[in-house]
$ cat target.cif   # mmCIF, C-alpha atoms
data_model
loop_
_atom_site.group_PDB
_atom_site.id
_atom_site.type_symbol
_atom_site.label_atom_id
_atom_site.label_comp_id
_atom_site.auth_asym_id
_atom_site.auth_seq_id
_atom_site.Cartn_x
_atom_site.Cartn_y
_atom_site.Cartn_z
ATOM 1 C CA MET A 1 0.000 0.000 0.000
ATOM 2 C CA THR A 2 1.311 3.432 -0.883
ATOM 3 C CA LYS A 3 1.198 6.190 1.699
ATOM 4 C CA PRO A 4 -2.243 7.885 1.568
ATOM 5 C CA ASP A 5 -2.457 11.503 0.418
ATOM 6 C CA PHE A 6 -5.498 12.320 2.519
ATOM 7 C CA VAL A 7 -7.154 10.743 5.524
ATOM 8 C CA TYR A 8 -10.572 11.769 6.783
ATOM 9 C CA VAL A 9 -12.154 10.466 9.956
ATOM 10 C CA THR A 10 -15.600 11.024 11.380
ATOM 11 C CA TYR A 11 -17.467 9.421 14.279
ATOM 12 C CA ILE A 12 -21.160 8.803 13.704
ATOM 13 C CA ALA A 13 -23.817 7.661 16.192
ATOM 14 C CA THR A 14 -25.198 4.861 14.036
ATOM 15 C CA THR A 15 -24.431 1.264 12.970
ATOM 16 C CA PRO A 16 -21.752 0.048 10.502
ATOM 17 C CA GLU A 17 -24.531 -1.408 8.318
ATOM 18 C CA LYS A 18 -26.187 1.999 7.950
ATOM 19 C CA VAL A 19 -22.904 3.663 6.998
ATOM 20 C CA TRP A 20 -22.274 0.926 4.442
ATOM 21 C CA GLN A 21 -25.756 1.319 2.989
ATOM 22 C CA ALA A 22 -25.328 5.098 2.775
ATOM 23 C CA LEU A 23 -22.177 4.653 0.672
ATOM 24 C CA ILE A 24 -23.621 2.252 -1.892
ATOM 25 C CA ASP A 25 -27.362 3.043 -2.036
ATOM 26 C CA PRO A 26 -28.202 5.908 -4.439
ATOM 27 C CA ALA A 27 -31.482 6.631 -2.592
ATOM 28 C CA LEU A 28 -29.424 7.503 0.504
ATOM 29 C CA ALA A 29 -26.401 9.032 -1.239
ATOM 30 C CA ARG A 30 -28.532 11.610 -3.021
ATOM 31 C CA GLN A 31 -29.594 12.964 0.380
ATOM 32 C CA TYR A 32 -26.081 13.871 1.532
ATOM 33 C CA TRP A 33 -23.437 13.450 -1.201
ATOM 34 C CA ALA A 34 -23.291 17.069 -2.259
ATOM 35 C CA ASP A 35 -21.146 18.540 -4.992
ATOM 36 C CA PRO A 36 -18.532 20.696 -3.190
ATOM 37 C CA LYS A 37 -19.361 23.609 -5.478
ATOM 38 C CA GLY A 38 -23.042 23.333 -4.626
ATOM 39 C CA GLY A 39 -25.648 22.137 -7.029
ATOM 40 C CA CYS A 40 -26.860 18.677 -7.659
ATOM 41 C CA ALA A 41 -26.173 15.576 -5.610
ATOM 42 C CA ARG A 42 -23.977 12.641 -6.604
ATOM 43 C CA VAL A 43 -24.706 8.946 -6.188
ATOM 44 C CA ASN A 44 -22.527 5.843 -6.506
ATOM 45 C CA VAL A 45 -23.811 3.170 -8.875
ATOM 46 C CA SER A 46 -22.453 -0.384 -9.132
ATOM 47 C CA ASP A 47 -23.262 -3.993 -8.312
ATOM 48 C CA TRP A 48 -20.315 -3.651 -5.861
ATOM 49 C CA GLN A 49 -18.719 -6.962 -6.833
ATOM 50 C CA PRO A 50 -14.884 -6.935 -6.875
ATOM 51 C CA GLY A 51 -13.732 -6.213 -10.422
ATOM 52 C CA SER A 52 -16.999 -4.496 -11.364
ATOM 53 C CA ARG A 53 -17.163 -0.925 -12.525
ATOM 54 C CA TRP A 54 -18.641 1.767 -10.262
ATOM 55 C CA GLU A 55 -19.785 5.215 -11.351
ATOM 56 C CA HIS A 56 -20.100 8.480 -9.461
ATOM 57 C CA GLN A 57 -23.166 9.916 -11.185
ATOM 58 C CA ARG A 58 -25.207 13.073 -11.121
ATOM 59 C CA LEU A 59 -28.946 12.579 -10.775
ATOM 60 C CA ASP A 60 -29.349 13.039 -14.539
ATOM 61 C CA GLY A 61 -26.987 10.084 -15.102
ATOM 62 C CA THR A 62 -23.917 12.139 -16.107
ATOM 63 C CA VAL A 63 -20.782 10.324 -14.927
ATOM 64 C CA ASP A 64 -18.230 12.557 -13.148
ATOM 65 C CA ILE A 65 -15.904 9.910 -11.749
ATOM 66 C CA LEU A 66 -15.666 6.173 -12.229
ATOM 67 C CA GLY A 67 -13.437 3.249 -11.461
ATOM 68 C CA LYS A 68 -13.239 -0.347 -10.415
ATOM 69 C CA VAL A 69 -14.423 -2.036 -7.231
ATOM 70 C CA VAL A 70 -11.287 -3.523 -5.672
ATOM 71 C CA GLU A 71 -12.573 -4.920 -2.396
ATOM 72 C CA THR A 72 -16.063 -5.314 -0.919
ATOM 73 C CA THR A 73 -16.346 -6.485 2.695
ATOM 74 C CA PRO A 74 -19.711 -5.355 4.039
ATOM 75 C CA PRO A 75 -20.121 -3.578 6.373
ATOM 76 C CA SER A 76 -16.476 -2.847 7.178
ATOM 77 C CA ARG A 77 -14.354 -2.143 4.111
ATOM 78 C CA LEU A 78 -14.853 -0.856 0.581
ATOM 79 C CA VAL A 79 -11.935 -0.131 -1.767
ATOM 80 C CA ILE A 80 -12.441 1.504 -5.163
ATOM 81 C CA THR A 81 -10.283 3.110 -7.812
ATOM 82 C CA TRP A 82 -11.067 6.688 -8.812
ATOM 83 C CA ALA A 83 -10.664 8.164 -12.299
ATOM 84 C CA ARG A 84 -12.039 10.682 -14.764
ATOM 85 C CA PRO A 85 -14.209 9.193 -17.535
ATOM 86 C CA THR A 86 -11.641 10.363 -20.127
ATOM 87 C CA GLU A 87 -8.849 8.486 -18.349
ATOM 88 C CA VAL A 88 -10.622 5.257 -17.549
ATOM 89 C CA GLU A 89 -8.298 3.262 -19.821
ATOM 90 C CA ASP A 90 -5.151 4.804 -18.353
ATOM 91 C CA GLU A 91 -4.831 2.982 -15.034
ATOM 92 C CA ALA A 92 -1.563 4.743 -14.237
ATOM 93 C CA LYS A 93 -3.623 7.867 -13.522
ATOM 94 C CA HIS A 94 -6.169 6.226 -11.247
ATOM 95 C CA SER A 95 -6.175 7.003 -7.554
ATOM 96 C CA ARG A 96 -7.594 4.767 -4.845
ATOM 97 C CA VAL A 97 -10.214 5.387 -2.167
ATOM 98 C CA THR A 98 -10.676 3.146 0.880
ATOM 99 C CA PHE A 99 -13.610 3.319 3.287
ATOM 100 C CA ASP A 100 -12.962 1.659 6.655
ATOM 101 C CA ILE A 101 -15.997 1.342 8.906
ATOM 102 C CA GLU A 102 -15.552 0.051 12.446
ATOM 103 C CA PRO A 103 -17.575 0.072 15.674
ATOM 104 C CA TYR A 104 -16.194 2.500 18.267
ATOM 105 C CA SER A 105 -17.141 3.005 21.899
ATOM 106 C CA ASP A 106 -20.423 4.593 23.111
ATOM 107 C CA GLY A 107 -22.506 3.450 20.160
ATOM 108 C CA LEU A 108 -20.348 5.356 17.702
ATOM 109 C CA VAL A 109 -19.031 4.147 14.369
ATOM 110 C CA ARG A 110 -15.644 5.312 13.122
ATOM 111 C CA LEU A 111 -15.578 5.970 9.393
ATOM 112 C CA MET A 112 -12.156 6.541 7.875
ATOM 113 C CA VAL A 113 -11.744 7.541 4.244
ATOM 114 C CA THR A 114 -8.243 7.355 2.788
ATOM 115 C CA HIS A 115 -7.405 8.654 -0.667
ATOM 116 C CA ALA A 116 -4.087 7.414 -2.085
ATOM 117 C CA ASP A 117 -2.084 7.657 -5.327
ATOM 118 C CA LEU A 118 -3.303 11.192 -5.996
ATOM 119 C CA GLU A 119 0.216 12.342 -6.875
ATOM 120 C CA ARG A 120 -0.496 10.806 -10.263
ATOM 121 C CA ASP A 121 -3.012 13.596 -10.843
ATOM 122 C CA PRO A 122 -2.333 16.945 -9.109
ATOM 123 C CA GLU A 123 -5.520 18.528 -10.446
ATOM 124 C CA MET A 124 -7.645 15.788 -8.921
ATOM 125 C CA LEU A 125 -5.794 16.286 -5.653
ATOM 126 C CA LYS A 126 -6.939 19.915 -5.538
ATOM 127 C CA GLY A 127 -10.471 18.986 -6.525
ATOM 128 C CA ILE A 128 -11.144 16.326 -3.934
ATOM 129 C CA SER A 129 -9.404 17.878 -0.931
ATOM 130 C CA GLY A 130 -12.290 20.282 -0.302
ATOM 131 C CA GLY A 131 -14.963 17.744 -1.096
ATOM 132 C CA TRP A 132 -14.539 14.895 1.399
ATOM 133 C CA PRO A 133 -15.054 16.938 4.610
ATOM 134 C CA ILE A 134 -18.373 18.238 3.236
ATOM 135 C CA VAL A 135 -19.541 14.775 2.197
ATOM 136 C CA LEU A 136 -18.602 13.249 5.561
ATOM 137 C CA SER A 137 -20.197 16.040 7.624
ATOM 138 C CA ASN A 138 -23.392 15.722 5.612
ATOM 139 C CA LEU A 139 -23.388 11.928 5.984
ATOM 140 C CA LYS A 140 -23.025 12.270 9.761
ATOM 141 C CA THR A 141 -25.926 14.738 9.909
ATOM 142 C CA LEU A 142 -28.141 12.500 7.788
ATOM 143 C CA LEU A 143 -27.480 9.322 9.782
ATOM 144 C CA GLU A 144 -27.744 10.995 13.187
ATOM 145 C CA SER A 145 -30.785 13.178 12.534
ATOM 146 C CA GLY A 146 -32.497 11.268 9.733
ATOM 147 C CA HIS A 147 -32.755 14.505 7.801
ATOM 148 C CA ALA A 148 -30.967 15.712 4.722
ATOM 149 C CA LEU A 149 -29.160 19.012 5.204
ATOM 150 C CA PRO A 150 -31.050 22.199 4.474
ATOM 151 C CA GLY A 151 -29.921 23.384 1.076
ATOM 152 C CA SER A 152 -29.049 19.876 -0.113
ATOM 153 C CA PRO A 153 -30.685 18.944 -3.387
ATOM 154 C CA VAL A 154 -33.514 16.868 -1.921
ATOM 155 C CA ALA A 155 -34.060 18.673 1.383
ATOM 156 C CA SER A 156 -36.912 20.887 0.252
ATOM 157 C CA MET B 1 -16.963 13.767 19.077
ATOM 158 C CA ASP B 2 -16.882 16.512 21.631
ATOM 159 C CA ILE B 3 -16.664 19.924 19.971
ATOM 160 C CA ASP B 4 -15.209 21.377 23.202
ATOM 161 C CA LYS B 5 -12.156 19.172 22.632
ATOM 162 C CA VAL B 6 -11.740 20.635 19.157
ATOM 163 C CA PHE B 7 -11.831 24.229 20.399
ATOM 164 C CA LYS B 8 -9.514 23.357 23.284
ATOM 165 C CA ALA B 9 -7.064 21.669 20.934
ATOM 166 C CA LEU B 10 -7.080 24.722 18.679
ATOM 167 C CA ALA B 11 -6.572 27.141 21.586
ATOM 168 C CA ASP B 12 -2.814 26.589 21.665
ATOM 169 C CA PRO B 13 -0.189 28.054 19.320
ATOM 170 C CA THR B 14 1.984 24.906 19.348
ATOM 171 C CA ARG B 15 -0.892 22.675 18.345
ATOM 172 C CA ARG B 16 -1.926 25.112 15.620
ATOM 173 C CA ARG B 17 1.663 25.015 14.343
ATOM 174 C CA LEU B 18 1.548 21.241 14.260
ATOM 175 C CA LEU B 19 -1.657 21.429 12.211
ATOM 176 C CA ASP B 20 0.068 23.876 9.847
ATOM 177 C CA GLN B 21 2.962 21.441 9.514
ATOM 178 C CA LEU B 22 0.560 18.662 8.634
ATOM 179 C CA HIS B 23 -1.303 20.907 6.235
ATOM 180 C CA SER B 24 1.898 21.630 4.308
ATOM 181 C CA GLU B 25 2.774 17.942 4.318
ATOM 182 C CA SER B 26 0.301 15.387 5.569
ATOM 183 C CA GLY B 27 1.329 11.916 6.717
ATOM 184 C CA GLN B 28 4.420 12.787 8.788
ATOM 185 C CA THR B 29 6.133 10.735 11.473
ATOM 186 C CA LEU B 30 6.759 12.096 14.978
ATOM 187 C CA THR B 31 10.464 12.416 14.136
ATOM 188 C CA ALA B 32 9.732 14.508 11.054
ATOM 189 C CA LEU B 33 7.351 16.751 12.998
ATOM 190 C CA CYS B 34 9.889 17.245 15.808
ATOM 191 C CA GLU B 35 12.412 18.683 13.341
ATOM 192 C CA HIS B 36 10.258 21.782 12.980
ATOM 193 C CA MET B 37 9.399 22.144 16.649
ATOM 194 C CA ASP B 38 11.602 23.762 19.275
ATOM 195 C CA MET B 39 10.629 21.439 22.119
ATOM 196 C CA SER B 40 11.142 17.946 23.471
ATOM 197 C CA ARG B 41 9.880 14.904 21.644
ATOM 198 C CA GLN B 42 7.750 14.103 24.666
ATOM 199 C CA ALA B 43 6.055 17.520 24.591
ATOM 200 C CA VAL B 44 5.287 17.135 20.877
ATOM 201 C CA THR B 45 3.856 13.664 21.585
ATOM 202 C CA GLN B 46 1.501 15.119 24.194
ATOM 203 C CA HIS B 47 0.286 17.866 21.855
ATOM 204 C CA LEU B 48 -0.302 15.310 19.097
ATOM 205 C CA GLN B 49 -2.226 13.161 21.558
ATOM 206 C CA GLN B 50 -4.593 16.051 22.269
ATOM 207 C CA LEU B 51 -5.037 16.725 18.559
ATOM 208 C CA GLU B 52 -5.783 13.046 18.049
ATOM 209 C CA GLU B 53 -8.373 13.008 20.853
ATOM 210 C CA ALA B 54 -10.064 15.999 19.205
ATOM 211 C CA ASN B 55 -10.065 14.049 15.901
ATOM 212 C CA LEU B 56 -8.023 16.809 14.263
ATOM 213 C CA VAL B 57 -5.189 14.359 13.647
ATOM 214 C CA ALA B 58 -5.764 10.874 12.254
ATOM 215 C CA ILE B 59 -3.200 8.081 12.499
ATOM 216 C CA VAL B 60 -2.313 5.652 9.738
ATOM 217 C CA TRP B 61 0.163 2.842 10.387
ATOM 218 C CA GLN B 62 2.433 2.047 7.489
ATOM 219 C CA GLY B 63 4.386 -1.016 8.560
ATOM 220 C CA ARG B 64 6.057 0.131 11.770
ATOM 221 C CA GLU B 65 5.757 3.817 10.926
ATOM 222 C CA LYS B 66 3.064 5.871 12.626
ATOM 223 C CA LEU B 67 1.965 8.588 10.211
ATOM 224 C CA HIS B 68 0.035 11.665 11.351
ATOM 225 C CA TYR B 69 -2.576 13.174 9.053
ATOM 226 C CA LEU B 70 -4.483 16.405 9.366
ATOM 227 C CA ASN B 71 -8.171 15.500 9.575
ATOM 228 C CA PRO B 72 -10.159 18.554 8.454
ATOM 229 C CA VAL B 73 -13.616 17.073 9.154
ATOM 230 C CA PRO B 74 -14.067 18.694 12.633
ATOM 231 C CA LEU B 75 -12.889 22.018 11.170
ATOM 232 C CA HIS B 76 -15.605 21.753 8.561
ATOM 233 C CA GLU B 77 -18.158 21.107 11.293
ATOM 234 C CA ILE B 78 -16.991 24.239 13.137
ATOM 235 C CA TYR B 79 -17.194 26.153 9.888
ATOM 236 C CA THR B 80 -20.796 25.162 9.154
ATOM 237 C CA ARG B 81 -21.933 25.601 12.771
ATOM 238 C CA TRP B 82 -20.046 28.729 13.826
ATOM 239 C CA ILE B 83 -18.861 30.646 10.769
ATOM 240 C CA GLU B 84 -20.973 30.041 7.697
ATOM 241 C CA LYS B 85 -24.240 31.157 9.270
ATOM 242 C CA PHE B 86 -22.737 34.465 10.419
ATOM 243 C CA GLU B 87 -20.965 35.097 7.171
ATOM 244 C CA HIS B 88 -23.674 36.560 4.952
ATOM 245 C CA GLY B 89 -24.032 39.858 6.810
ATOM 246 C CA ARG B 90 -20.296 40.321 6.926
ATOM 247 C CA LEU B 91 -19.833 39.659 3.233
ATOM 248 C CA ASP B 92 -22.574 42.187 2.480
ATOM 249 C CA ALA B 93 -20.819 44.771 4.667
ATOM 250 C CA LEU B 94 -17.490 44.174 2.907
ATOM 251 C CA HIS B 95 -19.172 44.410 -0.447
ATOM 252 C CA ASN B 96 -20.797 47.742 0.474
ATOM 253 C CA LEU B 97 -17.503 49.067 1.839
ATOM 254 C CA LYS B 98 -15.664 48.094 -1.333
ATOM 255 C CA GLN B 99 -18.308 49.775 -3.454
ATOM 256 C CA ARG B 100 -18.139 52.966 -1.397
ATOM 257 C CA LEU B 101 -14.333 53.145 -1.467
ATOM 258 C CA GLU B 102 -14.066 52.351 -5.145
ATOM 259 C CA GLY B 103 -16.883 54.779 -5.816
ATOM 260 C CA ASP B 104 -14.857 57.536 -4.059
ATOM 261 C CA ASP B 105 -11.820 56.698 -6.174
ATOM 262 C CA ASN B 106 -13.899 56.991 -9.274
ATOM 263 C CA ASP B 107 -15.086 60.420 -8.204
ATOM 264 C CA LYS B 108 -11.487 61.663 -7.848
ATOM 265 C CA THR B 109 -10.235 60.491 -11.177
#

$ encode --input "target.cif" --output "structure tokens"
Amino acid sequence: MTKPDFVYVTYIATTPEKVWQALIDPALARQYWADPKGGCARVNVSDWQPGSRWEHQRLDGTVDILGKVVETTPPSRLVITWARPTEVEDEAKHSRVTFDIEPYSDGLVRLMVTHADLERDPEMLKGISGGWPIVLSNLKTLLESGHALPGSPVAS
Amino acid sequence: MDIDKVFKALADPTRRRLLDQLHSESGQTLTALCEHMDMSRQAVTQHLQQLEEANLVAIVWQGREKLHYLNPVPLHEIYTRWIEKFEHGRLDALHNLKQRLEGDDNDKT
């Protein structure tokens, strides 16, 4: 494993299964996975089998990011590669995202997102570094309160 | 996580410097961090411990190396809770000030 470029950790008062579901189920993702620049939500679409393709889609089906499912261990670990649609064939430019979900004390779940191999694509590095904290904060709010954030695409 | 711990962790210049160090290069070992700090290794360890308890620093083990990462998620939570909602009025005020000052300049030229 190469040294990660970014690590994000949040503690959520919920269950590992609910965090897992929120990552892979478009009906949940659209309630919290906001575009960092505002605007429409993103969802993750795949059959989540190792080797399968996954797509980070807008609600109109436009694909912003895609990649391959590397590892699926519900509800504790999901590993995917991360690429622009134009560079899907060029695996040397793909980065890698790992979601680690583990029970923590006091009914909390620790969710750690690591993003590695971004040095292959400095522009992507800039783009994602602002995005993950927003996505994780919104996810925490959704799972703890049951409500989408005000201002998120489906809140109103 | 306890937001009081986040504010407490931030209320110290040494810990803020450590966060700056990790912002300029994330994923550093204790030894690397100590090179920039004018204090004992033990003191740096204690500050890092407090940052870790506040979830501002996340640890990743790479073999036997303990790497420290800046975790900006609590900072984002502070931003949305304590800054963003107060920001609109202030941005309006700045905008009006800018317009007035630039308007004056225009009058002179």

$ closest_atom_pairs --input "target.cif" --of "chain A" --to "chain B" --cutoff "9 Å" --atoms "all atoms listed in the file" --output "Markdown table"
| residue | atom | partner | partner_atom | distance |
| --- | --- | --- | --- | --- |
| A:Met1 | CA | B:Gln62 | CA | 8.1 |
| A:Thr2 | CA | B:Gln62 | CA | 8.6 |
| A:Lys3 | CA | B:Gln62 | CA | 7.2 |
| A:Pro4 | CA | B:Gly27 | CA | 7.5 |
| A:Asp5 | CA | B:Ser26 | CA | 7.0 |
| A:Phe6 | CA | B:Tyr69 | CA | 7.2 |
| A:Val7 | CA | B:Tyr69 | CA | 6.3 |
| A:Tyr8 | CA | B:Asn71 | CA | 5.2 |
| A:Val9 | CA | B:Asn71 | CA | 6.4 |
| A:Thr10 | CA | B:Val73 | CA | 6.7 |
| A:Tyr11 | CA | B:Met1 | CA | 6.5 |
| A:Ile12 | CA | B:Met1 | CA | 8.4 |
| A:Met112 | CA | B:Ala58 | CA | 8.9 |
| A:Trp132 | CA | B:Val73 | CA | 8.1 |
| A:Pro133 | CA | B:Val73 | CA | 4.8 |
| A:Ile134 | CA | B:His76 | CA | 7.0 |
| A:Leu136 | CA | B:Val73 | CA | 7.2 |
| A:Ser137 | CA | B:Glu77 | CA | 6.6 |

$ write_last_selection --input "target.cif" --atoms "C-alpha atoms" --output "mmCIF file, in the frame of the given file"
data_model
loop_
_atom_site.group_PDB
_atom_site.id
_atom_site.type_symbol
_atom_site.label_atom_id
_atom_site.label_comp_id
_atom_site.auth_asym_id
_atom_site.auth_seq_id
_atom_site.Cartn_x
_atom_site.Cartn_y
_atom_site.Cartn_z
ATOM 1 C CA MET A 1 0.000 0.000 0.000
ATOM 2 C CA THR A 2 1.311 3.432 -0.883
ATOM 3 C CA LYS A 3 1.198 6.190 1.699
ATOM 4 C CA PRO A 4 -2.243 7.885 1.568
ATOM 5 C CA ASP A 5 -2.457 11.503 0.418
ATOM 6 C CA PHE A 6 -5.498 12.320 2.519
ATOM 7 C CA VAL A 7 -7.154 10.743 5.524
ATOM 8 C CA TYR A 8 -10.572 11.769 6.783
ATOM 9 C CA VAL A 9 -12.154 10.466 9.956
ATOM 10 C CA THR A 10 -15.600 11.024 11.380
ATOM 11 C CA TYR A 11 -17.467 9.421 14.279
ATOM 12 C CA ILE A 12 -21.160 8.803 13.704
ATOM 13 C CA MET A 112 -12.156 6.541 7.875
ATOM 14 C CA TRP A 132 -14.539 14.895 1.399
ATOM 15 C CA PRO A 133 -15.054 16.938 4.610
ATOM 16 C CA ILE A 134 -18.373 18.238 3.236
ATOM 17 C CA LEU A 136 -18.602 13.249 5.561
ATOM 18 C CA SER A 137 -20.197 16.040 7.624
#

$ closest_residue --input "target.cif" --among "A:Ser145, A:Gln57, A:Trp20, A:Gln31" --to "Val43 of chain A" --atoms "only C-alpha atoms"
A:Gln57

$ closest_residue --input "target.cif" --among "B:Ile83, B:Ala9, B:Met39, B:Leu48" --to "Lys66 of chain B" --atoms "all atoms listed in the file"
B:Leu48

$ resolve_selection --input "target.cif" --expression "the PyMOL selection byres ((chain A and resi 96) around 6)" --output "number ranges by chain"
A: 80-82, 95, 97, 115-116

$ write_last_selection --input "target.cif" --atoms "C-alpha atoms" --output "PDB file, keeping the file's coordinate frame"
ATOM      1  CA  ILE A  80     -12.441   1.504  -5.163  1.00  0.00           C
ATOM      2  CA  THR A  81     -10.283   3.110  -7.812  1.00  0.00           C
ATOM      3  CA  TRP A  82     -11.067   6.688  -8.812  1.00  0.00           C
ATOM      4  CA  SER A  95      -6.175   7.003  -7.554  1.00  0.00           C
ATOM      5  CA  VAL A  97     -10.214   5.387  -2.167  1.00  0.00           C
ATOM      6  CA  HIS A 115      -7.405   8.654  -0.667  1.00  0.00           C
ATOM      7  CA  ALA A 116      -4.087   7.414  -2.085  1.00  0.00           C
TER       8      ALA A 116
END

$ atom_distance --input "target.cif" --atom1 "atom CA of Leu33 of chain B" --atom2 "atom CA of Leu18 of chain B"
7.4 Å

$ resolve_selection --input "target.cif" --expression "the PyMOL selection byres ((chain A and resi 121) around 12)" --output "ChimeraX atom specification"
/A:5,82-84,87,90-96,116-120,122-128

$ write_last_selection --input "target.cif" --atoms "C-alpha atoms" --output "mmCIF file, in the frame of the given file"
data_model
loop_
_atom_site.group_PDB
_atom_site.id
_atom_site.type_symbol
_atom_site.label_atom_id
_atom_site.label_comp_id
_atom_site.auth_asym_id
_atom_site.auth_seq_id
_atom_site.Cartn_x
_atom_site.Cartn_y
_atom_site.Cartn_z
ATOM 1 C CA ASP A 5 -2.457 11.503 0.418
ATOM 2 C CA TRP A 82 -11.067 6.688 -8.812
ATOM 3 C CA ALA A 83 -10.664 8.164 -12.299
ATOM 4 C CA ARG A 84 -12.039 10.682 -14.764
ATOM 5 C CA GLU A 87 -8.849 8.486 -18.349
ATOM 6 C CA ASP A 90 -5.151 4.804 -18.353
ATOM 7 C CA GLU A 91 -4.831 2.982 -15.034
ATOM 8 C CA ALA A 92 -1.563 4.743 -14.237
ATOM 9 C CA LYS A 93 -3.623 7.867 -13.522
ATOM 10 C CA HIS A 94 -6.169 6.226 -11.247
ATOM 11 C CA SER A 95 -6.175 7.003 -7.554
ATOM 12 C CA ARG A 96 -7.594 4.767 -4.845
ATOM 13 C CA ALA A 116 -4.087 7.414 -2.085
ATOM 14 C CA ASP A 117 -2.084 7.657 -5.327
ATOM 15 C CA LEU A 118 -3.303 11.192 -5.996
ATOM 16 C CA GLU A 119 0.216 12.342 -6.875
ATOM 17 C CA ARG A 120 -0.496 10.806 -10.263
ATOM 18 C CA PRO A 122 -2.333 16.945 -9.109
ATOM 19 C CA GLU A 123 -5.520 18.528 -10.446
ATOM 20 C CA MET A 124 -7.645 15.788 -8.921
ATOM 21 C CA LEU A 125 -5.794 16.286 -5.653
ATOM 22 C CA LYS A 126 -6.939 19.915 -5.538
ATOM 23 C CA GLY A 127 -10.471 18.986 -6.525
ATOM 24 C CA ILE A 128 -11.144 16.326 -3.934
#

$ atom_distance --input "target.cif" --atom1 "atom CA of Val63 of chain A" --atom2 "atom CA of Arg42 of chain A"
9.2 Å

$ resolve_selection --input "target.cif" --expression "the PyMOL selection byres ((chain A and resi 139) around 9)" --output "PyMOL selection string"
chain A and resi 12+19+22+29+31-33+134-138+140-144+148

$ atom_distance --input "target.cif" --atom1 "atom CA of Gln21 of chain A" --atom2 "atom CA of Pro75 of chain A"
8.2 Å
